[in-house]
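Written out below as structure tokens is the structure these notes cover.
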Amino acid sequence: AQVKAMAAIQQDTPLIFEYAGEVKGTNEVAVQSRVSGSVVDKYIHGGEQVSAGQALYRIDGGNYISALNQAKATLAQSQAQLSNAQQDLSRYTQLINSDAISDQTYTNQQQTVAAYQAVVEANVAQVNKAQKDYDDTIVRAPIDGRLDVNDVATGVYATAGSTTLVTLGTVNPVYVQFSISENEYLKF
């Protein structure tokens, strides 16, 4: 029987594979609020390009401004008590030099001033925390990038650290995420 034969040649052959994939930015962030509350203002629209630090949402800050005002009032009260105790210590210093009061009374007043100083420092920390919470009612973009089209609407209740308001990702460069089987992977 007659057999047809061909000469074998060696050359590169392009292989083409097609997969369904999803385009993603190299840096993608789920933007969440640091404080809980209802979204009262939305400064962006899904799909927009934003820059780092740009305001995206505003959370209802009524409770946070109240807490800040209360912390400031408590600080003012403790500063007044400290000032009064320092004035008494100043008077006691003059009296102790002339032996008009006991050492115990003077030492007690020194400790009272130290205690009030500690209270003032604790209240300063409370004011700083309350101010930070109030500042966090404005949700800002952590990076430059493009917003996802799926974002929350005004009126949604955002829980601190768990409600994703919008996803933000970089657009240059991007990558494509897709799945292949283990057999196809082993071929490659």
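Residues in the structure tokens are named by chain (A, B, ... in the order shown) and by number from 1 within that chain; ligands are numbered from 1 in the order shown.
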
Would you mind writing down, as number ranges by chain, each residue of range 38-152 of chain A that DSSP on the backbone assigns to alpha helix (DSSP H)?
A: 62-97, 103-135

Name all residues at most 12 Å from Gln131 in chain A (count only C-alpha atoms; drop same-chain ones fewer than 5 positions away) and give them as a list in words.
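What passes the distance filter is Gly61, Asn63, Tyr64, Ile65, Ser66, Ala67, Leu68, Asn69, Gln70, Ala71, Lys72, Val124, Ala125, Gln126, Asp136 and Thr137 of chain A.
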
Among listed residues A:Val35, A:Leu165, A:Ile59, A:Ala115, nearest Leu147 in chain A (using only C-alpha atoms)
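Nearest candidate to Leu147 in chain A out of A:Val35, A:Leu165, A:Ile59, A:Ala115: A:Leu165.
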
Where does DSSP see strand (DSSP E) in range 64-169 of chain A, if you list the residues as a PyMOL selection string?
chain A and resi 138-140+145-147+157-158+164-169

Identify, on the basis of only C-alpha atoms, every residue whose closest approach to range 148-164 of chain A does not exceed 6 Å; exclude the query and any residue fewer than 4 positions from it along the same chain; express the result as number ranges by chain.
A: 30-40, 46-47

Proximity to Val166 in chain A - best of A:Leu56, A:Val127, A:Asp133, A:Gln86, only C-alpha atoms
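Of A:Leu56, A:Val127, A:Asp133, A:Gln86, the one nearest Val166 in chain A is A:Leu56, counting only C-alpha atoms.
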
Take CA of Tyr19 in chain A and CA of Lys187 in chain A and report the distance between them in Å, one decimal.
15.5 Å

Would you mind reading off the distance between CA of Ser51 in chain A and CA of Phe178 in chain A, one decimal, in Å?
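If I compute the distance from CA of Ser51 in chain A to CA of Phe178 in chain A, I get 28.6 Å.
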